[in-house]
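Peer 1: Let me begin by handing over the structure; questions about it come next.
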Amino acid sequence: MLRNAPLRSKLIVTLVCPLLALIVLAAVVIRSSLAESGKAAEVNQRARFAAKLAPLIHELQAERSLSSSYVAGERRDTPTQLNQQRHTVDQVAATYRAAALNLDLGGDQGLRDRVGYGMRELDKLPVQRKAIDSGSINRDEAVEPEIDEGEIEGQLNVNENHGPINDPPEAIEQYTDTINDLLDINNEIAPGSNDAHLIEAVRASVALARAKEFADHQRGLLYDVLSKHAFGPGQYGKLTSLRAVEVIYIAQFESAATPAEITVYRHIVENPAIARIDHIREEAVDTGGVGHVDGDAGDWFQATSLELDQLRSLEQRLSGDVVATSASIKADADHRALLYTVLLIAAIVLAVGLSLVVARSLIVRLGRLKDVAHEVAEDRLPGVVNRLREGESVDLENASATPIDTHARDEIGQLGEAFSLVHRVALQVAGREAALRRSVGDMFLNLARRSQSMLERQLELIGDLGRRDLGEAMDDVSELDHLAGRMRRNAENLIVLSGAEPLRRWRGPVPVGDVVKSAVDEVREHRRVATLPIQPAMVAGHAASDVVRLLAELLENALSFSAPETQAMVSGQALPTSYLLEVQDQGIGMSTEQFHEVNQRLAEAPDIDLANAKMLGFFVVGRLAERHGIKVQMRHSRYGGVAALVLLPAALLTQPGISRASDPPPAFPAERRPAVYPSGFELD
């Protein structure tokens, strides 16, 4: 889908996908932080609500104790303190109701049920007070209510009905039920929180509130016992049970509270004014629940009230710790959410900015490369090619330079270098092609001039023949035949240049002497060729004509570069596995560098170029030698000119006799005897 899309679109897609993944990941983290912040805010709100709940419970406990004392005294004293306490409870209850109405309960059905149930329990206060003030007092019943397991464990049944409130014991029992129901709300302060410090703070606060509740139970119960100086039915067992449960909750408090909070608690209980509580309680417990119980009820009530007030101050400190912890958790969560949001925005801005900068750099550089490519392809390269075709001189080094920034080592820089290389190679190929055209043209011009001179000579001879008798014209007829042979060689050279094979072939093996004679007949100044002894051998018919042309070109070259009064000499010698032909002249010769260049061209059969156009004979020789595996090499001649050595391989020889190395060579004059080469001769 994106294969044909612009580079800009591909870069945008490449950028957008990681950004989307980053945004999704950051959104999850931010959402988690916001959820944690929301939960911390909810805990903080509930902790503040619990801080308003604690005073209500404390004041209800005080009203319960005063009501129990008022009933235990058979309502003989004026309930001034009790009435003041009731007024305080009403004020605190009004504050609590307002806080409950403003509490965002959300979807927490458990907290909603507990708060609603506690509100309904508070609505029973007028009925309770009426029973305390005017209900019948039964001396045989204990005024302290029974404490069941549900009240101890803090369980809640919203459908529970505590029964009628008709007398003081039932009213005091209702105080206990209401306080327990309100204490149960503390269990919903931090539901599902993962913060260990907050959980421990809530546990310490709840445990202290429960311990304080059972301490208040003991205040009312033992006040009644000390007022009567004897335990009533069931009161002794209840006192020991209340004390045991208080100890359990104190242990829970100490396991969850901080060292500083534990120090404050111990400082409270070790106060001399409060320490006598344990002494009075132990004396009452030592009686075993029978007999006379010593102790002043007023002193007991005063000491326990002081302890409960001190515990109330510690309870406020714990509530403050819960509020502060939840607020700190909320602040940390908000800070993390803000930090993640800022980091996300910064990352997006940075990524987009860097991507735009990089994308712009890539697009600009690629655009520049595209423009240069169009300029080279449409203007510069065609212009240079046209100038080369027209024969103008072109500096290929300067023409191949492209205005591309190739200093960068990235892929675009490498692409620019590759394009520059392609441009340079294209110009070099174009230059070689133009040179090749000129070379081919020069070759054709050379061959055409050869043919033209021979045709003009033929026309002159034909004209002379028309003016002479047939008997006197035999020499001219021979010259015409010779000219026709040379023209045929030129035509066959053109075939060699084209890469095809000529149609002229011998049907069977041809003696080497005939091959040499045919080659001599095809050169212009054939009368200047001296044929030295040729050892017998047979050349395969399919290669004989090519060997003839090869020798003719070498003879033509030898005659062209030597003085008219000198001769070119041809000799042949059979070797154990091959046959060596040698063409020598007495011309101007060549330098060592020229020998090296010519031999290299003869060995490698080069392509047509301008240099080959000037040395057409060597090019034809190289092509023919390559076709049949013939080795040709130019050397210094013993006569002062050039010696051309032609080594025919065994594959071109069909006479078995050439392998006999024992046959003595013929006797030649010393100055003309060809060199004898050892077996396995190879040209350098």
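FYI, nothing fancy with the structure tokens labels: chains A, B, ... in order, residues from 1 per chain, ligands from 1 as they appear.
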Can you pull out the residues contacting region 585-593 of chain A? Cut-off 10 Å, using only C-alpha atoms, and skip same-chain residues under 5 positions away; I want them as a VMD selection string.
Peer 2: chain A and resid 529 555 557 to 570 598 to 599 634 to 644
Peer 1: Next, dump the selected residues to file, keeping only C-alpha atoms, as a CSV table (one decimal), in the first residue's frame.
Peer 2:
```csv
chain,number,residue,atom,x,y,z
A,529,VAL,CA,59.7,-11.7,-50.5
A,555,LEU,CA,54.5,-9.9,-44.8
A,557,ASN,CA,53.8,-5.1,-42.5
A,558,ALA,CA,57.4,-6.3,-43.0
A,559,LEU,CA,57.5,-4.9,-46.6
A,560,SER,CA,55.9,-1.6,-45.6
A,561,PHE,CA,58.4,-0.7,-42.9
A,562,SER,CA,61.6,-1.7,-44.7
A,563,ALA,CA,63.5,-0.1,-47.6
A,564,PRO,CA,62.5,-0.9,-51.2
A,565,GLU,CA,65.8,-2.5,-51.9
A,566,THR,CA,65.6,-5.0,-49.0
A,567,GLN,CA,63.7,-8.3,-48.8
A,568,ALA,CA,61.4,-9.9,-46.3
A,569,MET,CA,62.3,-13.6,-45.6
A,570,VAL,CA,59.9,-16.4,-44.7
A,598,VAL,CA,52.3,-5.0,-30.0
A,599,ASN,CA,52.9,-8.4,-28.3
A,634,MET,CA,57.3,-9.9,-32.5
A,635,ARG,CA,61.1,-9.8,-31.8
A,636,HIS,CA,64.3,-8.1,-32.9
A,637,SER,CA,65.5,-9.7,-36.1
A,638,ARG,CA,69.1,-10.8,-36.5
A,639,TYR,CA,69.1,-8.8,-39.7
A,640,GLY,CA,68.4,-5.5,-37.8
A,641,GLY,CA,64.6,-5.3,-38.4
A,642,VAL,CA,61.7,-7.2,-36.9
A,643,ALA,CA,61.1,-10.9,-36.7
A,644,ALA,CA,57.5,-12.2,-36.5
```
Peer 1: List as a list in words the protein and nucleic acid residues near Asp77 (chain A), meaning an atom at most 12 Å away when only C-alpha atoms are counted, but skip any in the same chain fewer than 5 places from it.
Peer 2: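 Neighbouring residues, sequence-local ones excluded: Leu66, Ser67, Ser69, Tyr70, Val71, Ala72, Leu82 and Asp133 of chain A.
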Peer 1: Please dump the current selection as an mmCIF file, in the first residue's frame; keep N, CA, C and O atoms.
Peer 2:
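Generated output (part-v9.cif):
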```
data_model
loop_
_atom_site.group_PDB
_atom_site.id
_atom_site.type_symbol
_atom_site.label_atom_id
_atom_site.label_comp_id
_atom_site.auth_asym_id
_atom_site.auth_seq_id
_atom_site.Cartn_x
_atom_site.Cartn_y
_atom_site.Cartn_z
ATOM 1 N N LEU A 66 -22.397 8.421 81.540
ATOM 2 C CA LEU A 66 -23.166 9.274 82.454
ATOM 3 C C LEU A 66 -24.586 8.748 82.634
ATOM 4 O O LEU A 66 -25.152 8.800 83.748
ATOM 5 N N SER A 67 -25.158 8.206 81.546
ATOM 6 C CA SER A 67 -26.508 7.640 81.659
ATOM 7 C C SER A 67 -26.502 6.416 82.560
ATOM 8 O O SER A 67 -27.417 6.209 83.387
ATOM 9 N N SER A 69 -24.378 5.832 84.985
ATOM 10 C CA SER A 69 -24.195 6.299 86.367
ATOM 11 C C SER A 69 -25.489 6.889 86.922
ATOM 12 O O SER A 69 -25.831 6.696 88.100
ATOM 13 N N TYR A 70 -26.196 7.619 86.066
ATOM 14 C CA TYR A 70 -27.465 8.230 86.492
ATOM 15 C C TYR A 70 -28.485 7.156 86.858
ATOM 16 O O TYR A 70 -29.186 7.247 87.888
ATOM 17 N N VAL A 71 -28.518 6.087 86.075
ATOM 18 C CA VAL A 71 -29.463 5.006 86.376
ATOM 19 C C VAL A 71 -29.004 4.219 87.594
ATOM 20 O O VAL A 71 -29.817 3.810 88.451
ATOM 21 N N ALA A 72 -27.652 4.000 87.681
ATOM 22 C CA ALA A 72 -27.136 3.265 88.835
ATOM 23 C C ALA A 72 -27.430 4.014 90.137
ATOM 24 O O ALA A 72 -27.620 3.397 91.196
ATOM 25 N N LEU A 82 -25.236 15.190 82.752
ATOM 26 C CA LEU A 82 -25.788 14.354 81.686
ATOM 27 C C LEU A 82 -26.479 15.200 80.623
ATOM 28 O O LEU A 82 -26.327 14.974 79.418
ATOM 29 N N ASP A 133 -34.579 8.564 81.318
ATOM 30 C CA ASP A 133 -35.154 9.534 82.253
ATOM 31 C C ASP A 133 -36.411 9.018 82.952
ATOM 32 O O ASP A 133 -36.641 9.340 84.130
#
```
Peer 1: For Glu254 (chain A), which residue among A:Glu200, A:Asp113, A:Glu378, A:Glu42 is the nearest when counting only C-alpha atoms?
Peer 2: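 With only C-alpha atoms as the atom set, the closest residue is A:Glu200.
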Peer 1: Show me, as JSON, numbers by chain, the residues that have an atom within 10 Å of region 224-235 of chain A when counting only C-alpha atoms, minus same-chain residues fewer than 3 positions from it.
Peer 2: {"A": [65, 68, 69, 70, 71, 72, 73, 139, 140, 141, 142, 143, 144, 145, 146, 218, 219, 220, 221, 238, 239, 240, 241, 280, 284, 285, 287, 288, 289, 290, 291, 292, 293, 294, 295, 296, 297, 298, 299, 300, 301]}
Peer 1: Got a sec: who's within 12 Å of Ser326 (chain A), counting only C-alpha atoms, leaving out chain neighbours fewer than 6 positions off, as a tab-separated table (two decimals) with N, CA and C atoms, in the first residue's frame?
Peer 2:
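What landed in around_18.tsv:
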```tsv
chain	number	residue	atom	x	y	z
A	36	GLU	N	-5.06	6.06	40.84
A	36	GLU	CA	-4.48	6.04	42.19
A	36	GLU	C	-4.75	7.35	42.91
A	37	SER	N	-4.66	8.45	42.16
A	37	SER	CA	-4.96	9.75	42.76
A	37	SER	C	-6.41	9.83	43.19
A	38	GLY	N	-7.31	9.31	42.32
A	38	GLY	CA	-8.73	9.33	42.68
A	38	GLY	C	-9.02	8.47	43.89
A	39	LYS	N	-8.36	7.31	43.96
A	39	LYS	CA	-8.57	6.45	45.12
A	39	LYS	C	-8.02	7.10	46.39
A	40	ALA	N	-6.84	7.76	46.23
A	40	ALA	CA	-6.27	8.45	47.39
A	40	ALA	C	-7.16	9.61	47.81
A	41	ALA	N	-7.76	10.31	46.83
A	41	ALA	CA	-8.67	11.40	47.17
A	41	ALA	C	-9.91	10.86	47.89
A	42	GLU	N	-10.39	9.71	47.45
A	42	GLU	CA	-11.54	9.09	48.11
A	42	GLU	C	-11.18	8.68	49.54
A	43	VAL	N	-9.98	8.10	49.71
A	43	VAL	CA	-9.54	7.72	51.05
A	43	VAL	C	-9.38	8.97	51.92
A	44	ASN	N	-8.83	10.03	51.33
A	44	ASN	CA	-8.65	11.27	52.09
A	44	ASN	C	-9.98	11.83	52.53
A	45	GLN	N	-10.97	11.78	51.64
A	45	GLN	CA	-12.31	12.27	52.00
A	45	GLN	C	-12.92	11.42	53.12
A	46	ARG	N	-12.75	10.11	53.02
A	46	ARG	CA	-13.31	9.24	54.06
A	46	ARG	C	-12.56	9.41	55.37
A	47	ALA	N	-11.22	9.65	55.27
A	47	ALA	CA	-10.47	9.87	56.50
A	47	ALA	C	-10.93	11.15	57.20
A	48	ARG	N	-11.20	12.17	56.40
A	48	ARG	CA	-11.73	13.41	57.01
A	48	ARG	C	-13.11	13.18	57.60
A	189	ILE	N	-12.52	2.96	55.39
A	189	ILE	CA	-11.75	4.17	55.05
A	189	ILE	C	-10.83	3.91	53.85
A	190	ALA	N	-10.12	2.80	53.86
A	190	ALA	CA	-9.12	2.54	52.80
A	190	ALA	C	-9.36	1.21	52.14
A	193	SER	N	-6.77	-0.24	49.04
A	193	SER	CA	-5.55	0.56	48.90
A	193	SER	C	-4.33	-0.35	48.93
A	194	ASN	N	-3.30	0.03	48.16
A	194	ASN	CA	-2.07	-0.75	48.11
A	194	ASN	C	-0.94	-0.10	48.89
A	195	ASP	N	-1.21	1.05	49.51
A	195	ASP	CA	-0.18	1.75	50.24
A	195	ASP	C	-0.07	1.16	51.65
A	196	ALA	N	1.09	0.59	51.96
A	196	ALA	CA	1.28	-0.10	53.24
A	196	ALA	C	1.18	0.88	54.41
A	197	HIS	N	1.74	2.07	54.27
A	197	HIS	CA	1.71	3.03	55.37
A	197	HIS	C	0.28	3.46	55.68
A	198	LEU	N	-0.52	3.66	54.63
A	198	LEU	CA	-1.91	4.06	54.84
A	198	LEU	C	-2.69	2.92	55.50
A	199	ILE	N	-2.46	1.70	55.05
A	199	ILE	CA	-3.19	0.56	55.63
A	199	ILE	C	-2.85	0.40	57.11
A	200	GLU	N	-1.57	0.54	57.44
A	200	GLU	CA	-1.16	0.41	58.84
A	200	GLU	C	-1.72	1.55	59.68
A	201	ALA	N	-1.76	2.75	59.13
A	201	ALA	CA	-2.33	3.88	59.87
A	201	ALA	C	-3.80	3.67	60.16
A	202	VAL	N	-4.55	3.15	59.17
A	202	VAL	CA	-5.98	2.87	59.37
A	202	VAL	C	-6.15	1.76	60.39
A	319	SER	N	-6.01	9.90	63.40
A	319	SER	CA	-6.86	10.35	62.30
A	319	SER	C	-6.13	11.35	61.42
A	320	GLY	N	-5.40	12.25	62.07
A	320	GLY	CA	-4.61	13.21	61.30
A	320	GLY	C	-3.55	12.52	60.46
A	332	ASP	N	1.28	12.63	45.53
A	332	ASP	CA	2.28	11.89	44.76
A	332	ASP	C	1.70	11.37	43.45
A	333	ALA	N	0.48	10.86	43.52
A	333	ALA	CA	-0.16	10.36	42.30
A	333	ALA	C	-0.41	11.49	41.31
```
Peer 1: When DSSP works through the backbone of this structure, what residues of region 62-254 of chain A end up as helix (DSSP H, G or I), shown as number ranges by chain?
Peer 2: A: 62-72, 80-102, 109-122, 125-134, 149-153, 168-188, 196-228, 235-254
Peer 1: Could you save those same residues with C-alpha atoms as a CSV table (one decimal), in the first residue's frame?
Peer 2:
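Contents of the output file selection_28.csv:
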```csv
chain,number,residue,atom,x,y,z
A,62,ALA,CA,-19.4,9.8,77.6
A,63,GLU,CA,-23.2,10.1,77.4
A,64,ARG,CA,-23.5,6.3,77.8
A,65,SER,CA,-21.3,6.3,80.9
A,66,LEU,CA,-23.2,9.3,82.5
A,67,SER,CA,-26.5,7.6,81.7
A,68,SER,CA,-25.4,4.4,83.3
A,69,SER,CA,-24.2,6.3,86.4
A,70,TYR,CA,-27.5,8.2,86.5
A,71,VAL,CA,-29.5,5.0,86.4
A,72,ALA,CA,-27.1,3.3,88.8
A,80,THR,CA,-26.9,18.4,85.1
A,81,GLN,CA,-23.8,16.9,83.6
A,82,LEU,CA,-25.8,14.4,81.7
A,83,ASN,CA,-27.9,17.1,80.1
A,84,GLN,CA,-24.8,19.0,79.1
A,85,GLN,CA,-23.4,15.9,77.6
A,86,ARG,CA,-26.6,15.3,75.7
A,87,HIS,CA,-26.4,18.8,74.3
A,88,THR,CA,-22.8,18.2,73.2
A,89,VAL,CA,-23.8,14.9,71.5
A,90,ASP,CA,-26.5,16.7,69.6
A,91,GLN,CA,-24.1,19.3,68.3
A,92,VAL,CA,-21.5,16.7,67.3
A,93,ALA,CA,-24.2,14.5,65.7
A,94,ALA,CA,-25.5,17.5,63.7
A,95,THR,CA,-21.9,18.1,62.4
A,96,TYR,CA,-21.6,14.4,61.6
A,97,ARG,CA,-24.9,14.3,59.7
A,98,ALA,CA,-23.9,17.3,57.6
A,99,ALA,CA,-20.6,15.6,56.8
A,100,ALA,CA,-22.4,12.4,55.9
A,101,LEU,CA,-24.7,14.3,53.5
A,102,ASN,CA,-21.6,15.9,51.8
A,109,GLN,CA,-22.5,0.1,48.5
A,110,GLY,CA,-20.9,-1.2,51.6
A,111,LEU,CA,-20.0,2.2,52.9
A,112,ARG,CA,-23.4,3.6,51.8
A,113,ASP,CA,-25.1,0.9,53.9
A,114,ARG,CA,-23.0,1.5,57.0
A,115,VAL,CA,-23.5,5.3,56.9
A,116,GLY,CA,-27.2,4.9,56.4
A,117,TYR,CA,-27.5,2.4,59.2
A,118,GLY,CA,-25.5,4.6,61.5
A,119,MET,CA,-27.8,7.5,60.8
A,120,ARG,CA,-30.8,5.5,61.6
A,121,GLU,CA,-29.3,4.4,64.9
A,122,LEU,CA,-28.6,8.0,65.8
A,125,LEU,CA,-31.3,8.9,70.7
A,126,PRO,CA,-34.6,10.7,71.8
A,127,VAL,CA,-36.2,7.3,72.5
A,128,GLN,CA,-33.1,6.2,74.4
A,129,ARG,CA,-33.0,9.3,76.5
A,130,LYS,CA,-36.7,9.1,77.3
A,131,ALA,CA,-36.2,5.5,78.6
A,132,ILE,CA,-33.2,6.7,80.7
A,133,ASP,CA,-35.2,9.5,82.3
A,134,SER,CA,-38.5,7.9,82.8
A,149,GLU,CA,-19.5,-11.5,69.2
A,150,GLY,CA,-20.9,-9.4,66.4
A,151,GLU,CA,-20.3,-6.2,68.4
A,152,ILE,CA,-16.7,-7.4,69.2
A,153,GLU,CA,-15.8,-8.2,65.6
A,168,PRO,CA,-32.8,2.1,80.9
A,169,PRO,CA,-30.9,-1.3,80.3
A,170,GLU,CA,-32.3,-1.4,76.8
A,171,ALA,CA,-31.5,2.3,76.2
A,172,ILE,CA,-27.9,1.7,77.4
A,173,GLU,CA,-27.7,-1.3,75.2
A,174,GLN,CA,-28.7,0.8,72.3
A,175,TYR,CA,-25.9,3.2,73.0
A,176,THR,CA,-23.5,0.3,72.6
A,177,ASP,CA,-25.1,-0.8,69.4
A,178,THR,CA,-25.0,2.7,67.9
A,179,ILE,CA,-21.3,3.1,68.9
A,180,ASN,CA,-20.4,-0.3,67.4
A,181,ASP,CA,-22.2,0.5,64.2
A,182,LEU,CA,-20.4,3.8,63.9
A,183,LEU,CA,-17.1,2.2,64.6
A,184,ASP,CA,-17.7,-0.2,61.7
A,185,ILE,CA,-17.6,2.7,59.3
A,186,ASN,CA,-13.9,3.1,60.0
A,187,ASN,CA,-13.3,-0.3,58.3
A,188,GLU,CA,-14.3,1.3,55.0
A,196,ALA,CA,1.3,-0.1,53.2
A,197,HIS,CA,1.7,3.0,55.4
A,198,LEU,CA,-1.9,4.1,54.8
A,199,ILE,CA,-3.2,0.6,55.6
A,200,GLU,CA,-1.2,0.4,58.8
A,201,ALA,CA,-2.3,3.9,59.9
A,202,VAL,CA,-6.0,2.9,59.4
A,203,ARG,CA,-5.4,-0.4,61.3
A,204,ALA,CA,-3.9,1.5,64.2
A,205,SER,CA,-6.7,4.0,64.2
A,206,VAL,CA,-9.4,1.3,64.1
A,207,ALA,CA,-7.7,-0.8,66.8
A,208,LEU,CA,-7.3,2.2,69.1
A,209,ALA,CA,-11.0,3.2,68.6
A,210,ARG,CA,-12.1,-0.4,69.5
A,211,ALA,CA,-9.8,-0.6,72.5
A,212,LYS,CA,-11.1,2.8,73.7
A,213,GLU,CA,-14.7,1.5,73.3
A,214,PHE,CA,-14.0,-1.5,75.5
A,215,ALA,CA,-12.2,0.7,78.0
A,216,ASP,CA,-15.4,2.9,78.2
A,217,HIS,CA,-17.5,-0.3,78.8
A,218,GLN,CA,-15.3,-1.1,81.7
A,219,ARG,CA,-15.7,2.5,83.1
A,220,GLY,CA,-19.5,2.2,83.3
A,221,LEU,CA,-19.5,-1.4,84.5
A,222,LEU,CA,-17.0,-1.0,87.3
A,223,TYR,CA,-18.6,2.3,88.3
A,224,ASP,CA,-21.8,0.5,88.9
A,225,VAL,CA,-19.9,-2.3,90.9
A,226,LEU,CA,-18.0,0.2,93.0
A,227,SER,CA,-21.2,2.2,93.6
A,228,LYS,CA,-22.8,-1.0,95.1
A,235,GLN,CA,-20.8,-8.5,85.9
A,236,TYR,CA,-17.6,-10.2,87.0
A,237,GLY,CA,-17.4,-12.3,83.9
A,238,LYS,CA,-18.2,-9.3,81.7
A,239,LEU,CA,-15.5,-7.3,83.3
A,240,THR,CA,-12.8,-9.9,82.6
A,241,SER,CA,-14.1,-10.4,79.0
A,242,LEU,CA,-14.0,-6.6,78.4
A,243,ARG,CA,-10.5,-6.3,79.7
A,244,ALA,CA,-9.3,-9.3,77.6
A,245,VAL,CA,-10.8,-7.8,74.4
A,246,GLU,CA,-9.2,-4.4,75.2
A,247,VAL,CA,-5.8,-6.1,75.5
A,248,ILE,CA,-6.3,-7.7,72.1
A,249,TYR,CA,-7.1,-4.4,70.4
A,250,ILE,CA,-4.2,-2.7,72.2
A,251,ALA,CA,-1.9,-5.4,70.8
A,252,GLN,CA,-3.3,-4.8,67.3
A,253,PHE,CA,-2.7,-1.1,67.8
A,254,GLU,CA,0.9,-1.5,68.8
```
